[in-house]
Every structure is written in C-alpha cells, then in structure tokens.
file query.tsv (TSV, C-alpha atoms)
chain	number	residue	atom	x	y	z
A	1420	MET	CA	17.39	73.01	-54.24
A	1421	ALA	CA	19.03	76.09	-55.80
A	1422	PHE	CA	22.26	76.00	-57.78
A	1423	ASN	CA	24.47	78.77	-59.14
A	1424	SER	CA	25.70	77.01	-62.28
A	1425	TYR	CA	25.38	73.87	-64.37
A	1426	MET	CA	28.70	72.52	-63.07
A	1427	GLU	CA	27.56	72.95	-59.46
A	1428	TRP	CA	24.39	70.98	-60.26
A	1429	LYS	CA	26.39	68.33	-62.17
A	1430	GLU	CA	28.74	67.87	-59.21
A	1431	ALA	CA	25.72	67.25	-56.95
A	1432	VAL	CA	24.32	64.72	-59.46
A	1433	ASP	CA	27.69	62.93	-59.70
A	1434	LYS	CA	27.65	62.38	-55.92
A	1435	ILE	CA	24.36	60.44	-56.22
A	1436	GLY	CA	26.02	57.60	-58.10
A	1437	PHE	CA	24.48	57.31	-61.57
A	1438	ASN	CA	26.46	55.04	-63.89
A	1439	ASP	CA	26.39	57.70	-66.59
A	1440	VAL	CA	25.08	61.24	-67.12
A	1441	ILE	CA	24.38	62.02	-70.77
A	1442	LEU	CA	23.64	65.41	-72.29
A	1443	GLY	CA	21.13	64.58	-75.01
A	1444	VAL	CA	19.28	61.40	-75.89
A	1445	LYS	CA	20.22	57.92	-77.07
A	1446	ASP	CA	18.39	55.25	-79.04
A	1447	THR	CA	18.47	52.86	-76.10
A	1448	LEU	CA	18.07	53.41	-72.37
A	1449	ASP	CA	20.71	52.09	-69.98
A	1450	LYS	CA	20.15	51.27	-66.32
A	1451	ASN	CA	21.04	53.85	-63.68
A	1452	THR	CA	21.60	56.54	-66.31
A	1453	LEU	CA	20.52	60.18	-66.29
A	1454	TYR	CA	19.70	61.88	-69.60
A	1455	ILE	CA	19.72	65.69	-69.71
A	1456	GLN	CA	18.19	67.88	-72.40
A	1457	ILE	CA	17.96	71.67	-72.58
A	1458	ALA	CA	14.26	72.57	-72.66
A	1459	SER	CA	14.28	76.37	-72.76
A	1460	SER	CA	16.28	79.44	-71.94
A	1461	LYS	CA	15.41	82.49	-69.87
A	1462	VAL	CA	16.22	85.64	-71.82
A	1463	VAL	CA	16.20	89.18	-70.45
A	1464	GLY	CA	16.67	92.51	-72.17
A	1465	ALA	CA	14.90	94.71	-74.65
A	1466	ASP	CA	15.00	95.45	-78.36
A	1467	ASN	CA	18.29	94.21	-79.82
A	1468	PHE	CA	20.03	93.89	-76.45
A	1469	LYS	CA	19.12	90.52	-74.97
A	1470	PHE	CA	21.08	87.86	-73.15
A	1471	VAL	CA	20.46	84.46	-71.60
A	1472	VAL	CA	20.44	84.35	-67.79
A	1473	GLY	CA	19.59	80.67	-67.32
A	1474	TYR	CA	18.32	77.41	-68.77
A	1475	THR	CA	15.63	74.92	-67.87
A	1476	TYR	CA	16.79	71.33	-68.30
A	1477	ASN	CA	14.56	68.27	-68.67
A	1478	VAL	CA	16.01	65.14	-67.10
A	1479	VAL	CA	15.05	61.49	-67.51
A	1480	ALA	CA	16.36	58.88	-65.10
A	1481	SER	CA	16.28	55.17	-66.01
A	1482	VAL	CA	16.54	52.74	-63.11
A	1483	GLU	CA	16.01	48.99	-62.54
A	1484	ASN	CA	13.98	49.25	-59.34
A	1485	VAL	CA	11.03	51.51	-58.66
A	1486	ASP	CA	12.35	52.19	-55.14
A	1487	SER	CA	15.91	53.01	-56.22
A	1488	ARG	CA	17.79	55.40	-53.93
A	1489	LEU	CA	18.92	57.25	-57.10
A	1490	VAL	CA	15.33	58.36	-57.68
A	1491	ALA	CA	14.88	59.70	-54.15
A	1492	GLN	CA	18.16	61.60	-54.18
A	1493	LEU	CA	17.64	63.02	-57.67
A	1494	ALA	CA	14.15	64.26	-56.74
A	1495	GLU	CA	15.73	66.49	-54.09
A	1496	LEU	CA	17.90	68.22	-56.73
A	1497	LEU	CA	15.03	69.08	-59.09
A	1498	ASP	CA	12.59	71.98	-58.98
A	1499	SER	CA	9.40	69.94	-58.85
A	1500	GLY	CA	10.61	66.45	-57.96
A	1501	LEU	CA	10.27	63.46	-60.28
A	1502	GLU	CA	7.31	62.04	-62.12
A	1503	MET	CA	7.19	58.41	-63.15
A	1504	ILE	CA	6.84	58.17	-66.93
A	1505	GLY	CA	6.39	54.43	-66.92
A	1506	PHE	CA	8.00	51.05	-67.29
A	1507	SER	CA	9.70	50.18	-70.57
A	1508	ASP	CA	8.94	46.66	-71.76
A	1509	THR	CA	11.91	46.69	-74.13
A	1510	SER	CA	14.61	47.85	-71.70
A	1511	HIS	CA	12.90	46.61	-68.49
A	1512	LEU	CA	13.64	49.93	-66.78
A	1513	TYR	CA	11.53	52.41	-64.85
A	1514	ASN	CA	11.74	55.93	-66.25
A	1515	TYR	CA	11.27	59.13	-64.29
A	1516	SER	CA	11.31	62.71	-65.53
A	1517	GLY	CA	11.64	66.15	-63.98
A	1518	ASN	CA	13.18	69.54	-64.63
A	1519	VAL	CA	15.57	71.99	-63.07
A	1520	TYR	CA	16.28	75.66	-63.73
A	1521	ILE	CA	19.95	76.59	-63.56
A	1522	PRO	CA	21.21	80.17	-63.97
A	1523	VAL	CA	24.17	80.93	-66.18
A	1524	GLY	CA	27.16	80.81	-63.87
A	1525	SER	CA	30.90	81.17	-63.89
A	1526	LYS	CA	31.46	77.40	-63.87
A	1527	GLY	CA	30.52	76.73	-67.51
A	1528	GLN	CA	27.58	75.50	-69.51
A	1529	ALA	CA	26.30	71.98	-70.13
A	1530	TRP	CA	27.77	71.80	-73.63
A	1531	GLU	CA	31.26	72.90	-72.58

call {"tool": "encode", "arguments": {"input": "query.tsv", "output": "structure tokens"}}
result
Amino acid sequence: MAFNSYMEWKEAVDKIGFNDVILGVKDTLDKNTLYIQIASSKVVGADNFKFVVGYTYNVVASVENVDSRLVAQLAELLDSGLEMIGFSDTSHLYNYSGNVYIPVGSKGQAWE
C-alpha cells in the first residue's frame, strides 16, 4: 500500500489496534506492540545539492498469538509483507518484521 507521509502511515497503523507504537527499540518486548526504526534514507541530487525524499522504516511487531489479526492487517500496510522472526522464550511473544518506504510528506516526520 502506498502512503504520502509518515503521519498518513501512522494513522493507518493506529486503526489496526496495537497497544503501543514505539519509534526506536526497548530492552523488553511488550505484547501487541509495534516497534519502528529508520533503516535508510533515499537521497537525490548531485554534488553539494542533495536532499532526502523518503525513508525506509524497519518494523517489528510482537504479538501473543501466531494468528493475530494485527499481523494480517499490518502485513497489508508494508511493502513486502511480514516475515516471522521467531518466538521469544523470555517474553513468550511471536515477533514479525517487515519494512515500508514512506516519502517525505507535508504531514511531518517520525521524530516530530
């Protein structure tokens, strides 16, 4: 699914129903939480005139059940769906990862 800005994507994620959406990482994983991390930026231009036109974000979703509806709905919002990372014996959560490219838009950036 294509989005015009980070805020537009975040609004779509909020409608899914995660307990929390965190920009960055934490020491512990919480159930039904989405963790977002900036992976790379797309830069255009030449010589000393360059500017960022978008970012690729890595996301990790932690859920209690492997067949959680959160996983299915989140997969639709990502560029290549979700991949199961594995089951955490310490937190007893299933972890999925994926990525999404979001262009720089008028509705703000992830860190704002």

call {"tool": "closest_residue", "arguments": {"input": "query.tsv", "among": "A:Asp1439, A:Leu1496, A:Val1519, A:Lys1526", "to": "Ser1460 of chain A", "atoms": "all atoms listed in the file"}}
result
A:Val1519

call {"tool": "residues_around", "arguments": {"input": "query.tsv", "residues": "Ala1491 of chain A", "least_positions_apart": "4", "cutoff": "10 Å", "atoms": "all atoms listed in the file", "output": "short mmCIF file (atom, residue, chain, number, x, y, z; two decimals) with C-alpha atoms, keeping the file's coordinate frame"}}
result
data_model
loop_
_atom_site.label_atom_id
_atom_site.label_comp_id
_atom_site.auth_asym_id
_atom_site.auth_seq_id
_atom_site.Cartn_x
_atom_site.Cartn_y
_atom_site.Cartn_z
CA ILE A 1435 24.36 60.44 -56.22
CA ASP A 1486 12.35 52.19 -55.14
CA SER A 1487 15.91 53.01 -56.22
CA GLU A 1495 15.73 66.49 -54.09
CA LEU A 1496 17.90 68.22 -56.73
CA GLY A 1500 10.61 66.45 -57.96
CA LEU A 1501 10.27 63.46 -60.28
#

call {"tool": "residues_near_point", "arguments": {"input": "query.tsv", "point": "(30.5, 77.8, -61.4)", "cutoff": "7 Å", "atoms": "all atoms listed in the file", "output": "VMD selection string"}}
result
chain A and resid 1423 to 1424 1426 to 1427 1524 to 1527

call {"tool": "closest_residue", "arguments": {"input": "query.tsv", "among": "A:Val1478, A:Tyr1513, A:Ile1441, A:Glu1430", "to": "Ala1458 of chain A", "atoms": "only C-alpha atoms"}}
result
A:Val1478

call {"tool": "atom_distance", "arguments": {"input": "query.tsv", "atom1": "atom CA of Val1444 of chain A", "atom2": "atom CA of Phe1470 of chain A"}}
result
26.7 Å

call {"tool": "closest_residue", "arguments": {"input": "query.tsv", "among": "A:Asn1467, A:Gln1456, A:Asn1477, A:Thr1447", "to": "Leu1512 of chain A", "atoms": "only C-alpha atoms"}}
result
A:Thr1447

call {"tool": "axis_aligned_box", "arguments": {"input": "query.tsv", "around": "segment 1466-1480 of chain A", "padding_each_side": "6 Å", "output": "lines of an AutoDock Vina configuration file"}}
result
center_x = 17.8
center_y = 77.2
center_z = -72.5
size_x = 18.5
size_y = 48.6
size_z = 26.7

call {"tool": "atom_distance", "arguments": {"input": "query.tsv", "atom1": "atom CA of Leu1489 of chain A", "atom2": "atom CA of His1511 of chain A"}}
result
16.7 Å

call {"tool": "atom_distance", "arguments": {"input": "query.tsv", "atom1": "atom CA of Ile1457 of chain A", "atom2": "atom CA of Ser1510 of chain A"}}
result
24.1 Å

call {"tool": "residues_around", "arguments": {"input": "query.tsv", "residues": "Val1462 of chain A", "least_positions_apart": "2", "cutoff": "12 Å", "atoms": "only C-alpha atoms", "output": "PDB file with C-alpha atoms, keeping the file's coordinate frame"}}
result
ATOM      1  CA  SER A1459      14.280  76.370 -72.760  1.00  0.00           C
ATOM      2  CA  SER A1460      16.280  79.440 -71.940  1.00  0.00           C
ATOM      3  CA  GLY A1464      16.670  92.510 -72.170  1.00  0.00           C
ATOM      4  CA  ALA A1465      14.900  94.710 -74.650  1.00  0.00           C
ATOM      5  CA  ASP A1466      15.000  95.450 -78.360  1.00  0.00           C
ATOM      6  CA  ASN A1467      18.290  94.210 -79.820  1.00  0.00           C
ATOM      7  CA  PHE A1468      20.030  93.890 -76.450  1.00  0.00           C
ATOM      8  CA  LYS A1469      19.120  90.520 -74.970  1.00  0.00           C
ATOM      9  CA  PHE A1470      21.080  87.860 -73.150  1.00  0.00           C
ATOM     10  CA  VAL A1471      20.460  84.460 -71.600  1.00  0.00           C
ATOM     11  CA  VAL A1472      20.440  84.350 -67.790  1.00  0.00           C
ATOM     12  CA  GLY A1473      19.590  80.670 -67.320  1.00  0.00           C
ATOM     13  CA  TYR A1474      18.320  77.410 -68.770  1.00  0.00           C
ATOM     14  CA  THR A1475      15.630  74.920 -67.870  1.00  0.00           C
ATOM     15  CA  PRO A1522      21.210  80.170 -63.970  1.00  0.00           C
ATOM     16  CA  VAL A1523      24.170  80.930 -66.180  1.00  0.00           C
TER      17      VAL A1523
END

call {"tool": "closest_residue", "arguments": {"input": "query.tsv", "among": "A:Phe1506, A:Tyr1515, A:Tyr1454, A:Tyr1476", "to": "Tyr1425 of chain A", "atoms": "all atoms listed in the file"}}
result
A:Tyr1476

call {"tool": "decode", "arguments": {"input": "query.tsv", "residues": "segment 1439-1488 of chain A", "atoms": "C-alpha atoms", "output": "CSV table (one decimal), in the first residue's frame"}}
result
chain,number,residue,atom,x,y,z
A,1439,ASP,CA,1.6,0.9,21.6
A,1440,VAL,CA,3.7,2.1,18.6
A,1441,ILE,CA,7.2,2.9,19.5
A,1442,LEU,CA,9.8,4.7,17.4
A,1443,GLY,CA,13.0,3.0,18.4
A,1444,VAL,CA,13.8,-0.1,20.4
A,1445,LYS,CA,13.3,-1.1,24.0
A,1446,ASP,CA,15.1,-3.6,26.3
A,1447,THR,CA,11.9,-5.7,26.6
A,1448,LEU,CA,9.2,-6.6,24.2
A,1449,ASP,CA,5.6,-6.0,25.1
A,1450,LYS,CA,2.6,-7.8,23.7
A,1451,ASN,CA,0.7,-6.2,20.8
A,1452,THR,CA,3.3,-3.5,20.3
A,1453,LEU,CA,4.9,-2.2,17.1
A,1454,TYR,CA,8.5,-1.0,17.1
A,1455,ILE,CA,9.6,1.3,14.3
A,1456,GLN,CA,13.2,2.1,13.3
A,1457,ILE,CA,14.6,4.2,10.5
A,1458,ALA,CA,16.7,1.9,8.3
A,1459,SER,CA,17.8,4.2,5.4
A,1460,SER,CA,17.0,7.3,3.6
A,1461,LYS,CA,16.6,7.9,-0.2
A,1462,VAL,CA,18.7,10.9,-1.2
A,1463,VAL,CA,18.6,12.7,-4.6
A,1464,GLY,CA,20.7,15.4,-6.0
A,1465,ALA,CA,24.2,16.0,-7.2
A,1466,ASP,CA,27.5,17.4,-5.9
A,1467,ASN,CA,26.7,19.6,-2.8
A,1468,PHE,CA,23.0,19.9,-3.5
A,1469,LYS,CA,21.3,16.8,-2.1
A,1470,PHE,CA,18.1,16.3,-0.2
A,1471,VAL,CA,16.1,13.4,1.4
A,1472,VAL,CA,12.9,12.4,-0.5
A,1473,GLY,CA,11.9,9.5,1.7
A,1474,TYR,CA,12.8,6.9,4.4
A,1475,THR,CA,12.7,3.1,4.7
A,1476,TYR,CA,11.5,2.0,8.1
A,1477,ASN,CA,12.0,-1.4,9.6
A,1478,VAL,CA,9.1,-2.5,11.8
A,1479,VAL,CA,8.9,-5.3,14.4
A,1480,ALA,CA,5.5,-6.5,15.7
A,1481,SER,CA,5.3,-8.5,18.9
A,1482,VAL,CA,2.1,-10.5,19.4
A,1483,GLU,CA,0.8,-13.2,21.7
A,1484,ASN,CA,-0.8,-15.4,19.1
A,1485,VAL,CA,0.7,-16.5,15.8
A,1486,ASP,CA,-2.7,-16.0,14.1
A,1487,SER,CA,-3.3,-12.5,15.5
A,1488,ARG,CA,-5.4,-10.2,13.3
